[in-house]
>>> print(open('data_16.cif').read())   # mmCIF, C-alpha atoms
data_entry
loop_
_atom_site.label_atom_id
_atom_site.label_comp_id
_atom_site.auth_asym_id
_atom_site.auth_seq_id
_atom_site.Cartn_x
_atom_site.Cartn_y
_atom_site.Cartn_z
CA MET A 1 98.70 94.59 106.44
CA LYS A 2 96.34 92.20 104.71
CA ILE A 3 97.65 89.51 102.38
CA PHE A 4 95.77 88.54 99.24
CA LEU A 5 96.81 85.62 97.03
CA ASP A 6 97.19 86.54 93.37
CA THR A 7 95.91 83.39 91.70
CA ALA A 8 92.82 81.56 90.46
CA ASN A 9 94.16 78.12 91.39
CA ILE A 10 91.67 76.69 93.85
CA GLU A 11 94.09 74.16 95.39
CA SER A 12 96.63 76.90 96.15
CA ILE A 13 93.88 79.05 97.64
CA LYS A 14 92.67 76.19 99.85
CA HIS A 15 96.23 75.39 100.97
CA TRP A 16 97.14 78.93 101.95
CA ASN A 17 93.72 79.68 103.40
CA ASN A 18 94.24 76.77 105.81
CA THR A 19 97.36 78.47 107.17
CA GLY A 20 95.27 81.36 108.46
CA ILE A 21 97.38 84.12 106.89
CA LEU A 22 95.20 84.87 103.84
CA ASP A 23 92.73 87.75 103.83
CA GLY A 24 91.55 87.58 100.22
CA VAL A 25 92.25 86.67 96.59
CA THR A 26 92.82 88.65 93.42
CA THR A 27 92.19 87.21 89.98
CA ASN A 28 92.39 88.56 86.45
CA PRO A 29 91.56 87.19 82.99
CA THR A 30 95.11 85.86 82.55
CA LEU A 31 94.99 83.88 85.81
CA LEU A 32 91.53 82.51 85.03
CA LYS A 33 92.61 81.49 81.53
CA LYS A 34 95.57 79.62 83.01
CA GLU A 35 93.24 77.44 85.10
CA GLY A 36 90.63 76.79 82.38
CA GLY A 37 87.11 75.50 83.00
CA ASP A 38 83.86 77.33 83.67
CA VAL A 39 84.84 80.80 84.87
CA LYS A 40 81.70 81.56 86.87
CA ASN A 41 81.84 78.22 88.69
CA MET A 42 85.52 78.80 89.42
CA ILE A 43 84.84 82.22 90.91
CA GLN A 44 81.95 80.90 92.99
CA GLU A 45 84.18 78.19 94.43
CA ILE A 46 86.94 80.69 95.23
CA CYS A 47 84.41 82.97 96.94
CA LYS A 48 83.13 80.05 99.00
CA VAL A 49 86.62 79.05 100.15
CA MET A 50 87.47 82.70 100.90
CA SER A 51 84.13 83.50 102.49
CA HIS A 52 85.86 85.61 105.14
CA GLY A 53 87.70 87.81 102.61
CA ASP A 54 87.43 89.79 99.39
CA VAL A 55 87.79 88.19 95.95
CA SER A 56 88.62 90.53 93.07
CA VAL A 57 87.18 89.69 89.64
CA GLU A 58 87.95 91.84 86.61
CA VAL A 59 85.61 93.10 83.92
CA THR A 60 86.38 91.98 80.38
CA GLU A 61 84.18 94.39 78.45
CA THR A 62 85.64 97.63 77.12
CA GLU A 63 82.66 99.79 76.08
CA LYS A 64 81.39 101.96 78.94
CA ASP A 65 77.79 100.74 78.96
CA LYS A 66 78.90 97.13 78.78
CA VAL A 67 81.49 97.63 81.55
CA TYR A 68 78.73 98.97 83.80
CA LYS A 69 76.37 96.10 83.02
CA GLN A 70 79.07 93.44 83.41
CA ALA A 71 80.29 94.96 86.68
CA LYS A 72 76.80 94.65 88.14
CA GLU A 73 76.57 91.04 86.98
CA ILE A 74 80.00 90.16 88.41
CA ALA A 75 79.10 91.74 91.74
CA SER A 76 76.02 89.51 91.95
CA ILE A 77 78.08 86.30 91.83
CA ALA A 78 78.81 86.41 95.57
CA ASN A 79 78.65 88.83 98.48
CA ASN A 80 82.44 88.99 98.79
CA VAL A 81 83.19 89.76 95.13
CA ILE A 82 85.05 93.00 94.46
CA VAL A 83 84.81 94.15 90.84
CA LYS A 84 88.08 95.14 89.17
CA ILE A 85 87.96 97.95 86.63
CA PRO A 86 90.98 99.49 84.87
CA CYS A 87 91.89 103.05 85.84
CA HIS A 88 91.03 104.56 82.46
CA LYS A 89 89.49 107.99 81.97
CA ASP A 90 86.65 106.54 79.90
CA TYR A 91 85.39 104.64 82.94
CA TYR A 92 85.36 107.44 85.53
CA ALA A 93 81.63 108.11 85.20
CA VAL A 94 80.92 104.37 85.30
CA ILE A 95 83.03 103.99 88.43
CA LYS A 96 81.23 106.90 90.08
CA LYS A 97 77.83 105.40 89.30
CA LEU A 98 78.79 101.94 90.54
CA VAL A 99 80.16 103.32 93.81
CA GLU A 100 76.96 105.30 94.33
CA GLU A 101 75.00 102.08 93.80
CA GLY A 102 77.02 100.27 96.47
CA ILE A 103 79.21 98.13 94.19
CA GLN A 104 82.62 97.53 95.77
CA LEU A 105 85.44 98.20 93.32
CA ASN A 106 89.14 97.48 92.98
CA ILE A 107 90.62 99.90 90.46
CA THR A 108 93.47 98.17 88.70
CA LEU A 109 96.36 99.30 86.49
CA VAL A 110 97.08 102.36 88.61
CA PHE A 111 100.48 103.94 87.93
CA THR A 112 100.44 107.52 89.24
CA LEU A 113 99.66 109.50 92.36
CA LEU A 114 97.08 111.57 90.48
CA GLN A 115 95.24 108.53 89.15
CA SER A 116 95.07 107.35 92.75
CA LEU A 117 93.78 110.72 93.94
CA PHE A 118 90.94 110.63 91.42
CA MET A 119 89.90 107.13 92.49
CA CYS A 120 90.02 108.10 96.18
CA LYS A 121 87.73 111.04 95.41
CA LEU A 122 85.30 108.61 93.75
CA GLY A 123 85.30 106.48 96.92
CA VAL A 124 86.42 103.11 95.53
CA LYS A 125 87.35 100.38 98.03
CA TYR A 126 90.79 99.53 96.59
CA ILE A 127 93.35 101.15 94.32
CA SER A 128 95.92 98.75 92.86
CA PRO A 129 99.25 100.37 91.94
CA PHE A 130 101.32 97.97 89.81
CA ILE A 131 104.80 98.35 91.29
CA GLY A 132 106.49 95.60 89.25
CA ARG A 133 105.38 97.10 85.95
CA LEU A 134 106.68 100.50 87.04
CA ASP A 135 110.03 98.92 87.83
CA ASP A 136 110.01 97.42 84.33
CA ILE A 137 110.14 100.91 82.82
CA ASP A 138 112.81 102.10 85.27
CA SER A 139 110.38 103.95 87.51
CA PRO A 140 110.66 102.91 91.19
CA GLY A 141 107.34 101.28 91.97
CA THR A 142 107.59 101.23 95.74
CA GLU A 143 108.05 105.00 95.84
CA LEU A 144 104.48 105.29 94.58
CA ILE A 145 103.27 103.33 97.62
CA ASP A 146 105.13 105.76 99.90
CA LYS A 147 103.43 108.72 98.22
CA LEU A 148 100.02 107.06 98.29
CA ARG A 149 100.30 106.41 102.03
CA ILE A 150 101.03 110.08 102.64
CA MET A 151 98.19 111.23 100.39
CA VAL A 152 95.56 108.87 101.78
CA ASP A 153 96.42 109.77 105.37
CA GLU A 154 96.84 113.52 104.74
CA TYR A 155 93.46 113.90 103.04
CA ASN A 156 91.68 111.31 105.18
CA PHE A 157 90.49 109.09 102.33
CA THR A 158 89.19 106.50 104.76
CA LYS A 159 87.03 104.62 102.23
CA THR A 160 89.94 103.65 99.97
CA HIS A 161 92.67 101.09 100.68
CA ILE A 162 96.07 100.81 99.01
CA LEU A 163 96.46 97.38 97.42
CA ALA A 164 100.04 96.84 96.23
CA ALA A 165 99.96 94.71 93.07
CA SER A 166 102.42 93.31 90.54
CA ILE A 167 104.68 92.09 93.33
CA ARG A 168 107.43 90.16 91.58
CA HIS A 169 109.68 88.98 94.43
CA VAL A 170 110.16 88.89 98.20
CA LYS A 171 111.99 92.23 98.16
CA HIS A 172 108.88 93.89 96.74
CA PHE A 173 106.85 92.24 99.52
CA HIS A 174 109.17 93.69 102.17
CA GLU A 175 109.13 97.12 100.55
CA VAL A 176 105.35 97.50 100.36
CA LEU A 177 105.05 96.31 103.95
CA MET A 178 107.46 99.02 105.10
CA ALA A 179 105.78 101.62 102.85
CA GLY A 180 102.47 101.11 104.61
CA ALA A 181 100.34 99.41 101.97
CA ASP A 182 97.01 98.25 103.36
CA VAL A 183 97.12 95.09 101.27
CA ALA A 184 99.76 93.17 99.32
CA THR A 185 98.53 90.79 96.65
CA VAL A 186 101.19 88.13 96.26
CA PRO A 187 101.73 85.36 93.70
CA VAL A 188 101.95 81.83 95.08
CA ALA A 189 105.67 81.53 94.28
CA VAL A 190 106.50 84.73 96.18
CA LEU A 191 104.43 83.73 99.21
CA GLU A 192 106.12 80.31 99.23
CA LYS A 193 109.55 81.96 99.37
CA SER A 194 108.40 84.46 101.99
CA VAL A 195 107.58 81.81 104.59
CA GLN A 196 110.98 80.12 104.31
CA HIS A 197 114.33 80.94 105.89
CA PRO A 198 117.43 78.71 105.96
CA LEU A 199 118.29 79.70 109.54
CA THR A 200 114.90 78.45 110.71
CA ASP A 201 115.57 75.07 109.08
CA ILE A 202 119.09 74.90 110.51
CA GLY A 203 117.80 75.82 113.97
CA ILE A 204 115.18 73.07 113.92
CA GLU A 205 117.79 70.49 112.89
CA LYS A 206 120.14 71.60 115.68
CA PHE A 207 117.45 71.48 118.35
CA MET A 208 116.37 67.99 117.24
CA GLU A 209 119.95 66.71 117.27
CA ASP A 210 120.43 67.96 120.83
CA TRP A 211 117.08 66.54 121.90
CA LYS A 212 118.04 63.08 120.65
CA LYS A 213 121.24 63.27 122.67
CA LEU A 214 119.20 63.61 125.86
CA GLY A 215 117.84 60.12 125.29
CA VAL A 216 114.37 61.00 126.52
CA LYS A 217 111.93 58.27 125.49
CA GLN A 218 108.73 60.15 126.24
CA PHE A 219 107.94 63.84 126.68
CA PRO A 220 106.01 65.26 128.39
#
>>> encode(input="data_16.cif", output="structure tokens")
Amino acid sequence: MKIFLDTANIESIKHWNNTGILDGVTTNPTLLKKEGGDVKNMIQEICKVMSHGDVSVEVTETEKDKVYKQAKEIASIANNVIVKIPCHKDYYAVIKKLVEEGIQLNITLVFTLLQSLFMCKLGVKYISPFIGRLDDIDSPGTELIDKLRIMVDEYNFTKTHILAASIRHVKHFHEVLMAGADVATVPVAVLEKSVQHPLTDIGIEKFMEDWKKLGVKQFP
């Protein structure tokens, strides 16, 4: 499973990219607003740091013609930009046209199996089911990932990848991994918790204590 970082903070992206576990980045208008500054420059810098992976950037227009035009402009920012478009019925024809023109898309705000089916039929690169927001309305979000995995495999939708989004905590991260998501996009705070375990820390301390007791001055 690929791991994307859900942030627009360049220092966090650089830090986690240096660990070797990152495969991409997802941004949205809220994350970009949080960082401030020139948005295009920010995206270009993120794309440069993550040159080996995909960087999702969301459209901000709402009218169909303007969504199409903006999507083309966003895609031209860098070769590894993936354009995010909401999964709304008004944009289906726009999505179809963009896919036919070779624009790579991440369809966001996906909440149902049927929405996902429609996007797979259009041939988008990513569908982003928001599991945390489903949980918020008492609908089990991870169950959607289970169903998507079955659908994508059963009907051989090889062009489209399942990108689990709205991951709120480490438990979500575990669940989408076990459900077979192709990608998990994870906030910095969740990733930070995911790489820690108290037994690892305790084990290191114990080994170092025993090593000191050996009295070895130089090794090897």
>>> residues_around(input="data_16.cif", residues="stretch 93-107 of chain A", least_positions_apart="6", cutoff="7 Å", atoms="only C-alpha atoms", output="ChimeraX atom specification")
/A:56,64,68,75,82-87,122-128
>>> resolve_selection(input="data_16.cif", expression="the PyMOL selection byres ((chain A and resi 20-25) around 9)", output="MDAnalysis selection string")
chainID A and resid 2:8 13 16:19 26:27 46:47 50:56 183 185
>>> resolve_selection(input="data_16.cif", expression="the PyMOL selection byres ((chain A and resi 147-160) around 12)", output="PDB file with C-alpha atoms, keeping the file's coordinate frame")
ATOM      1  CA  VAL A  99      80.160 103.320  93.810  1.00  0.00           C
ATOM      2  CA  GLN A 104      82.620  97.530  95.770  1.00  0.00           C
ATOM      3  CA  LEU A 105      85.440  98.200  93.320  1.00  0.00           C
ATOM      4  CA  ASN A 106      89.140  97.480  92.980  1.00  0.00           C
ATOM      5  CA  ILE A 107      90.620  99.900  90.460  1.00  0.00           C
ATOM      6  CA  VAL A 110      97.080 102.360  88.610  1.00  0.00           C
ATOM      7  CA  PHE A 111     100.480 103.940  87.930  1.00  0.00           C
ATOM      8  CA  THR A 112     100.440 107.520  89.240  1.00  0.00           C
ATOM      9  CA  LEU A 113      99.660 109.500  92.360  1.00  0.00           C
ATOM     10  CA  LEU A 114      97.080 111.570  90.480  1.00  0.00           C
ATOM     11  CA  GLN A 115      95.240 108.530  89.150  1.00  0.00           C
ATOM     12  CA  SER A 116      95.070 107.350  92.750  1.00  0.00           C
ATOM     13  CA  LEU A 117      93.780 110.720  93.940  1.00  0.00           C
ATOM     14  CA  PHE A 118      90.940 110.630  91.420  1.00  0.00           C
ATOM     15  CA  MET A 119      89.900 107.130  92.490  1.00  0.00           C
ATOM     16  CA  CYS A 120      90.020 108.100  96.180  1.00  0.00           C
ATOM     17  CA  LYS A 121      87.730 111.040  95.410  1.00  0.00           C
ATOM     18  CA  LEU A 122      85.300 108.610  93.750  1.00  0.00           C
ATOM     19  CA  GLY A 123      85.300 106.480  96.920  1.00  0.00           C
ATOM     20  CA  VAL A 124      86.420 103.110  95.530  1.00  0.00           C
ATOM     21  CA  LYS A 125      87.350 100.380  98.030  1.00  0.00           C
ATOM     22  CA  TYR A 126      90.790  99.530  96.590  1.00  0.00           C
ATOM     23  CA  ILE A 127      93.350 101.150  94.320  1.00  0.00           C
ATOM     24  CA  SER A 128      95.920  98.750  92.860  1.00  0.00           C
ATOM     25  CA  PRO A 129      99.250 100.370  91.940  1.00  0.00           C
ATOM     26  CA  PRO A 140     110.660 102.910  91.190  1.00  0.00           C
ATOM     27  CA  GLY A 141     107.340 101.280  91.970  1.00  0.00           C
ATOM     28  CA  THR A 142     107.590 101.230  95.740  1.00  0.00           C
ATOM     29  CA  GLU A 143     108.050 105.000  95.840  1.00  0.00           C
ATOM     30  CA  LEU A 144     104.480 105.290  94.580  1.00  0.00           C
ATOM     31  CA  ILE A 145     103.270 103.330  97.620  1.00  0.00           C
ATOM     32  CA  ASP A 146     105.130 105.760  99.900  1.00  0.00           C
ATOM     33  CA  HIS A 161      92.670 101.090 100.680  1.00  0.00           C
ATOM     34  CA  ILE A 162      96.070 100.810  99.010  1.00  0.00           C
ATOM     35  CA  LEU A 163      96.460  97.380  97.420  1.00  0.00           C
ATOM     36  CA  ALA A 164     100.040  96.840  96.230  1.00  0.00           C
ATOM     37  CA  VAL A 176     105.350  97.500 100.360  1.00  0.00           C
ATOM     38  CA  LEU A 177     105.050  96.310 103.950  1.00  0.00           C
ATOM     39  CA  MET A 178     107.460  99.020 105.100  1.00  0.00           C
ATOM     40  CA  ALA A 179     105.780 101.620 102.850  1.00  0.00           C
ATOM     41  CA  GLY A 180     102.470 101.110 104.610  1.00  0.00           C
ATOM     42  CA  ALA A 181     100.340  99.410 101.970  1.00  0.00           C
ATOM     43  CA  ASP A 182      97.010  98.250 103.360  1.00  0.00           C
ATOM     44  CA  VAL A 183      97.120  95.090 101.270  1.00  0.00           C
TER      45      VAL A 183
END
>>> resolve_selection(input="data_16.cif", expression="the PyMOL selection byres ((chain A and resi 190-203) around 10)", output="list in words")
Ile3, Phe4, Leu5, Asp6, Trp16, Ile167, Arg168, His169, Val170, Lys171, His172, Phe173, His174, Thr185, Val186, Pro187, Val188, Ala189, Ile204, Glu205, Lys206, Phe207, Met208 and Glu209 of chain A
>>> residues_around(input="data_16.cif", residues="A:Lys40", least_positions_apart="5", cutoff="9 Å", atoms="only C-alpha atoms", output="MDAnalysis selection string")
chainID A and resid 45 74 77
>>> closest_residue(input="data_16.cif", among="A:Pro220, A:Leu32, A:Phe130, A:Asp136", to="A:Ala184", atoms="all atoms listed in the file")
A:Phe130
>>> atom_distance(input="data_16.cif", atom1="atom CA of A:Thr60", atom2="atom CA of A:Leu134")
23.0 Å
>>> atom_distance(input="data_16.cif", atom1="atom CA of A:Gly36", atom2="atom CA of A:Ala71")
21.3 Å
>>> closest_residue(input="data_16.cif", among="A:Asn28, A:Asn80, A:Asp210, A:Lys14", to="A:Val59", atoms="only C-alpha atoms")
A:Asn28
>>> atom_distance(input="data_16.cif", atom1="atom CA of A:Ser12", atom2="atom CA of A:Glu35")
11.6 Å
